$ cat data_9.txt   # compact mmCIF, C-alpha atoms
# COMPACT_ATOMS: atom_id res chain seq x y z
CA MET A 1 -0.69 11.95 43.42
CA HIS A 2 2.44 10.93 41.48
CA LEU A 3 4.48 13.79 39.98
CA GLY A 4 4.26 12.27 36.47
CA VAL A 5 0.47 12.15 36.64
CA ILE A 6 0.36 15.78 37.74
CA ALA A 7 2.59 16.77 34.81
CA ILE A 8 0.36 14.91 32.34
CA VAL A 9 -2.82 16.45 33.76
CA PHE A 10 -1.17 19.90 33.63
CA LYS A 11 -0.20 19.38 29.98
CA LEU A 12 -3.70 18.17 29.10
CA ILE A 13 -5.20 21.28 30.69
CA ILE A 14 -2.81 23.47 28.69
CA VAL A 15 -3.67 21.69 25.42
CA SER A 16 -7.39 21.96 26.23
CA VAL A 17 -7.10 25.71 26.77
CA LEU A 18 -5.08 26.00 23.53
CA LEU A 19 -7.72 24.15 21.53
CA LEU A 20 -10.57 26.10 23.10
CA LEU A 21 -8.91 29.43 22.25
CA ALA A 22 -8.12 28.19 18.73
CA LEU A 23 -11.75 27.16 18.17
CA VAL A 24 -13.03 30.54 19.36
CA SER A 25 -10.51 32.37 17.15
CA ASP A 26 -11.30 30.20 14.13
CA PHE A 27 -15.05 30.68 14.49
CA ARG A 28 -14.74 34.43 14.96
CA THR A 29 -12.20 35.18 12.23
CA TYR A 30 -11.86 31.99 10.15
CA SER A 31 -8.22 31.77 11.28
CA VAL A 32 -6.25 30.64 14.28
CA LYS A 33 -4.36 33.71 15.42
CA ASN A 34 -0.58 33.72 15.72
CA TYR A 35 -0.63 35.12 19.24
CA ILE A 36 -2.44 31.96 20.33
CA THR A 37 -0.25 29.42 18.56
CA TYR A 38 3.08 31.12 19.24
CA SER A 39 2.20 31.74 22.90
CA PHE A 40 1.43 28.08 23.41
CA MET A 41 4.58 27.01 21.58
CA LEU A 42 6.52 29.14 24.08
CA ILE A 43 4.50 27.72 26.97
CA GLY A 44 5.25 24.19 25.77
CA LEU A 45 8.95 24.97 25.45
CA ALA A 46 9.05 26.55 28.92
CA ILE A 47 7.09 23.78 30.64
CA ASN A 48 9.08 20.95 29.14
CA LEU A 49 12.37 22.77 29.81
CA ALA A 50 11.33 23.32 33.44
CA MET A 51 10.21 19.70 33.89
CA GLU A 52 12.92 17.85 31.98
CA GLY A 53 15.78 20.30 31.38
CA ILE A 54 17.52 20.29 28.01
CA GLY A 55 15.86 16.97 27.13
CA GLY A 56 12.46 18.64 27.61
CA LEU A 57 13.49 21.52 25.39
CA VAL A 58 14.51 19.07 22.65
CA PHE A 59 11.22 17.21 23.18
CA SER A 60 9.28 20.44 22.56
CA LEU A 61 11.39 21.51 19.61
CA GLN A 62 10.83 18.14 17.96
CA GLY A 63 7.11 18.57 18.65
CA ILE A 64 7.19 21.88 16.78
CA ILE A 65 9.41 20.81 13.88
CA LEU A 66 7.79 17.45 12.99
CA PRO A 67 4.25 18.75 12.30
CA ALA A 68 5.67 21.75 10.43
CA ALA A 69 7.79 19.50 8.23
CA CYS A 70 5.04 16.93 7.63
CA LEU A 71 2.30 19.46 6.87
CA PHE A 72 4.30 22.03 4.89
CA ALA A 73 3.40 20.50 1.52
CA LEU A 74 -0.33 20.55 2.37
CA TYR A 75 -0.01 24.20 3.30
CA VAL A 76 1.84 25.06 0.07
CA ILE A 77 -0.93 23.63 -2.11
CA ARG A 78 -3.58 25.25 0.12
CA ILE A 79 -5.24 22.17 1.47
CA ILE A 80 -4.80 23.47 5.01
CA GLY A 81 -4.03 26.90 6.36
CA ALA A 82 -0.92 28.10 8.13
CA GLY A 83 -2.86 28.53 11.38
CA ASP A 84 -3.82 24.86 11.31
CA VAL A 85 -0.18 23.86 10.88
CA LYS A 86 0.89 26.17 13.71
CA LEU A 87 -1.90 24.84 15.93
CA LEU A 88 -0.57 21.30 15.54
CA CYS A 89 2.95 22.63 16.19
CA ALA A 90 1.69 24.21 19.42
CA VAL A 91 0.13 20.89 20.44
CA GLY A 92 3.48 19.26 19.65
CA ALA A 93 5.38 21.82 21.72
CA VAL A 94 3.41 20.76 24.77
CA MET A 95 2.88 17.05 24.09
CA GLY A 96 5.85 16.10 21.89
CA ALA A 97 6.47 15.00 18.31
CA ALA A 98 4.99 11.50 18.47
CA PHE A 99 1.78 12.77 20.03
CA ALA A 100 1.56 15.61 17.48
CA LEU A 101 1.94 13.11 14.64
CA TYR A 102 -0.91 10.97 15.95
CA ALA A 103 -3.01 14.07 16.60
CA ALA A 104 -2.43 15.17 12.98
CA ILE A 105 -3.37 11.74 11.60
CA TYR A 106 -6.53 11.57 13.71
CA SER A 107 -7.31 15.19 12.77
CA PHE A 108 -7.33 14.29 9.08
CA ILE A 109 -9.53 11.28 9.77
CA CYS A 110 -11.94 13.47 11.76
CA GLY A 111 -11.72 16.10 9.02
CA GLY A 112 -12.74 13.48 6.47
CA PHE A 113 -15.82 12.61 8.50
CA ILE A 114 -16.67 16.29 8.98
CA ALA A 115 -16.20 17.02 5.26
CA SER A 116 -18.37 14.03 4.32
CA GLY A 117 -21.11 15.16 6.68
CA LEU A 118 -20.95 18.70 5.34
CA MET A 119 -21.14 17.51 1.73
CA LEU A 120 -24.27 15.55 2.61
CA ALA A 121 -25.78 18.50 4.49
CA ARG A 122 -24.86 21.01 1.80
CA GLU A 123 -25.83 18.58 -0.95
CA ASN A 124 -22.68 19.46 -2.90
CA ALA A 125 -20.77 16.17 -3.00
CA SER A 126 -20.80 15.95 -6.80
CA GLU A 127 -19.55 19.55 -7.05
CA ARG A 128 -16.72 18.86 -4.56
CA PHE A 129 -15.67 15.62 -6.30
CA ASN A 130 -15.76 17.44 -9.64
CA HIS A 131 -13.48 20.13 -8.16
CA LEU A 132 -11.07 17.41 -6.99
CA PHE A 133 -11.14 15.73 -10.41
CA VAL A 134 -10.45 19.02 -12.23
CA TYR A 135 -7.63 19.77 -9.79
CA LEU A 136 -5.98 16.38 -10.28
CA LYS A 137 -6.42 16.61 -14.05
CA SER A 138 -4.86 20.09 -14.09
CA CYS A 139 -1.90 18.90 -12.02
CA PHE A 140 -1.41 15.96 -14.38
CA LEU A 141 -1.69 18.02 -17.57
CA THR A 142 0.61 20.80 -16.37
CA MET A 143 2.95 18.37 -14.60
CA GLU A 144 2.93 20.79 -11.66
CA ILE A 145 1.50 20.69 -8.18
CA LEU A 146 -1.03 23.51 -8.17
CA GLN A 147 -2.89 25.17 -5.31
CA TYR A 148 -5.98 23.14 -4.50
CA THR A 149 -8.11 26.04 -3.36
CA ASP A 150 -8.11 29.68 -2.37
CA LEU A 151 -8.39 29.48 1.41
CA LYS A 152 -9.62 33.09 1.59
CA ASN A 153 -12.69 32.29 -0.54
CA ARG A 154 -15.18 31.24 2.12
CA GLN A 155 -18.09 30.90 -0.30
CA ASP A 156 -16.95 27.99 -2.49
CA GLY A 157 -18.83 25.36 -0.45
CA GLY A 158 -15.72 23.36 0.37
CA LYS A 159 -14.44 25.05 3.51
CA PHE A 160 -14.95 24.36 7.17
CA HIS A 161 -13.21 25.29 10.39
CA PHE A 162 -10.41 22.73 10.47
CA SER A 163 -9.74 23.60 14.11
CA ILE A 164 -12.77 21.40 14.86
CA ALA A 165 -10.98 18.47 13.23
CA ILE A 166 -7.75 19.27 15.09
CA ALA A 167 -9.55 19.46 18.43
CA SER A 168 -11.36 16.19 17.67
CA GLY A 169 -8.18 14.53 16.42
CA THR A 170 -6.23 15.63 19.48
CA ALA A 171 -8.98 14.26 21.74
CA ALA A 172 -8.90 11.00 19.74
CA ALA A 173 -5.11 10.81 20.15
CA ILE A 174 -5.49 11.26 23.92
CA ILE A 175 -8.18 8.58 24.13
CA ILE A 176 -6.72 6.06 21.66
CA ARG A 177 -2.97 6.51 22.09
CA GLY A 178 -2.83 7.91 25.61
CA VAL A 179 -0.24 10.43 26.77

$ encode --input "data_9.txt" --output "structure tokens"
Amino acid sequence: MHLGVIAIVFKLIIVSVLLLLALVSDFRTYSVKNYITYSFMLIGLAINLAMEGIGGLVFSLQGIILPAACLFALYVIRIIGAGDVKLLCAVGAVMGAAFALYAAIYSFICGGFIASGLMLARENASERFNHLFVYLKSCFLTMEILQYTDLKNRQDGGKFHFSIAIASGTAAAIIIRGV
């Protein structure tokens, strides 16, 4: 087997373990724990440094920085949690910035499908759209970007484990974009 193929398979196994641990953590505690995300960021840095030298280290650092920079605003207004951002950074540390960007995009698409399905199942679509309308109206009237939701309030009918969307989006990025 070619060395490049072995490296890719190894990275895919690492990302699979990361996502599995993140899902378990999210379902148990409604958060992706720091020890999981930070450990896998370090693993990604170490693996890419070992495989590619300084270029691999830069590859991993870019994979950490790009998702953090792109998703910071969504975290600030409480659309996604910090653990979700760090999870995508950990994916980026292993797979690189471009892959992390596609994984994030596909994660939001998957998240949209999941949210739509949950609104249908929970029969609360009009309530959720009303919440969005009130939020947008409040932002417009105050001329400020406000927090969209309280992520700690699990009972408002608008939350779900976004790690499912990230795992699905990462799988979609692997299938659609390749590695």

$ residues_near_point --input "data_9.txt" --point "(-3.7, 16.1, 15.7)" --cutoff "7 Å" --atoms "all atoms listed in the file" --output "PDB file with C-alpha atoms, keeping the file's coordinate frame"
ATOM      1  CA  LEU A  88      -0.570  21.300  15.540  1.00  0.00           C
ATOM      2  CA  ALA A 100       1.560  15.610  17.480  1.00  0.00           C
ATOM      3  CA  LEU A 101       1.940  13.110  14.640  1.00  0.00           C
ATOM      4  CA  TYR A 102      -0.910  10.970  15.950  1.00  0.00           C
ATOM      5  CA  ALA A 103      -3.010  14.070  16.600  1.00  0.00           C
ATOM      6  CA  ALA A 104      -2.430  15.170  12.980  1.00  0.00           C
ATOM      7  CA  ILE A 105      -3.370  11.740  11.600  1.00  0.00           C
ATOM      8  CA  TYR A 106      -6.530  11.570  13.710  1.00  0.00           C
ATOM      9  CA  SER A 107      -7.310  15.190  12.770  1.00  0.00           C
ATOM     10  CA  ILE A 166      -7.750  19.270  15.090  1.00  0.00           C
ATOM     11  CA  GLY A 169      -8.180  14.530  16.420  1.00  0.00           C
ATOM     12  CA  THR A 170      -6.230  15.630  19.480  1.00  0.00           C
TER      13      THR A 170
END

$ closest_residue --input "data_9.txt" --among "A:Phe10, A:Phe40, A:Phe160, A:Phe59" --to "Ala97 of chain A" --atoms "all atoms listed in the file"
A:Phe59

$ atom_distance --input "data_9.txt" --atom1 "atom CA of Asn34 of chain A" --atom2 "atom CA of Ser163 of chain A"
13.7 Å

$ closest_residue --input "data_9.txt" --among "A:Val76, A:Gly83, A:Ala69, A:Val15" --to "Thr37 of chain A" --atoms "only C-alpha atoms"
A:Gly83

$ closest_atom_pairs --input "data_9.txt" --of "segment 40-122 of chain A" --to "segment 21-33 of chain A" --cutoff "10 Å" --atoms "only C-alpha atoms" --output "CSV"
residue,atom,partner,partner_atom,distance
A:Gly81,CA,A:Ser31,CA,8.1
A:Ala82,CA,A:Val32,CA,8.5
A:Gly83,CA,A:Val32,CA,4.9
A:Asp84,CA,A:Val32,CA,6.9
A:Val85,CA,A:Val32,CA,9.7
A:Lys86,CA,A:Val32,CA,8.4
A:Leu87,CA,A:Val32,CA,7.4

$ write_last_selection --input "data_9.txt" --atoms "C-alpha atoms" --output "PDB file, in the coordinates of the input"
ATOM      1  CA  GLY A  81      -4.030  26.900   6.360  1.00  0.00           C
ATOM      2  CA  ALA A  82      -0.920  28.100   8.130  1.00  0.00           C
ATOM      3  CA  GLY A  83      -2.860  28.530  11.380  1.00  0.00           C
ATOM      4  CA  ASP A  84      -3.820  24.860  11.310  1.00  0.00           C
ATOM      5  CA  VAL A  85      -0.180  23.860  10.880  1.00  0.00           C
ATOM      6  CA  LYS A  86       0.890  26.170  13.710  1.00  0.00           C
ATOM      7  CA  LEU A  87      -1.900  24.840  15.930  1.00  0.00           C
TER       8      LEU A  87
END

$ closest_residue --input "data_9.txt" --among "A:Gly53, A:Leu42, A:Ala68, A:Phe99" --to "Ile174 of chain A" --atoms "only C-alpha atoms"
A:Phe99

$ closest_residue --input "data_9.txt" --among "A:Ala7, A:Leu12, A:Met41, A:Met143" --to "Gly178 of chain A" --atoms "all atoms listed in the file"
A:Leu12

$ atom_distance --input "data_9.txt" --atom1 "atom CA of Met119 of chain A" --atom2 "atom CA of Ala73 of chain A"
24.7 Å

$ atom_distance --input "data_9.txt" --atom1 "atom CA of Ile114 of chain A" --atom2 "atom CA of Phe129 of chain A"
15.3 Å

$ closest_residue --input "data_9.txt" --among "A:Ile164, A:Ala46, A:Ile36, A:Val58" --to "Gly96 of chain A" --atoms "only C-alpha atoms"
A:Val58

$ closest_residue --input "data_9.txt" --among "A:Leu136, A:Met95, A:Ile109, A:Ile175" --to "Leu45 of chain A" --atoms "all atoms listed in the file"
A:Met95

$ residues_near_point --input "data_9.txt" --point "(-0.4, 14.4, 34.9)" --cutoff "12 Å" --atoms "all atoms listed in the file" --output "PDB file with C-alpha atoms, in the coordinates of the input"
ATOM      1  CA  MET A   1      -0.690  11.950  43.420  1.00  0.00           C
ATOM      2  CA  HIS A   2       2.440  10.930  41.480  1.00  0.00           C
ATOM      3  CA  LEU A   3       4.480  13.790  39.980  1.00  0.00           C
ATOM      4  CA  GLY A   4       4.260  12.270  36.470  1.00  0.00           C
ATOM      5  CA  VAL A   5       0.470  12.150  36.640  1.00  0.00           C
ATOM      6  CA  ILE A   6       0.360  15.780  37.740  1.00  0.00           C
ATOM      7  CA  ALA A   7       2.590  16.770  34.810  1.00  0.00           C
ATOM      8  CA  ILE A   8       0.360  14.910  32.340  1.00  0.00           C
ATOM      9  CA  VAL A   9      -2.820  16.450  33.760  1.00  0.00           C
ATOM     10  CA  PHE A  10      -1.170  19.900  33.630  1.00  0.00           C
ATOM     11  CA  LYS A  11      -0.200  19.380  29.980  1.00  0.00           C
ATOM     12  CA  LEU A  12      -3.700  18.170  29.100  1.00  0.00           C
ATOM     13  CA  ILE A  13      -5.200  21.280  30.690  1.00  0.00           C
ATOM     14  CA  ILE A  14      -2.810  23.470  28.690  1.00  0.00           C
ATOM     15  CA  MET A  51      10.210  19.700  33.890  1.00  0.00           C
ATOM     16  CA  MET A  95       2.880  17.050  24.090  1.00  0.00           C
ATOM     17  CA  GLY A 178      -2.830   7.910  25.610  1.00  0.00           C
ATOM     18  CA  VAL A 179      -0.240  10.430  26.770  1.00  0.00           C
TER      19      VAL A 179
END
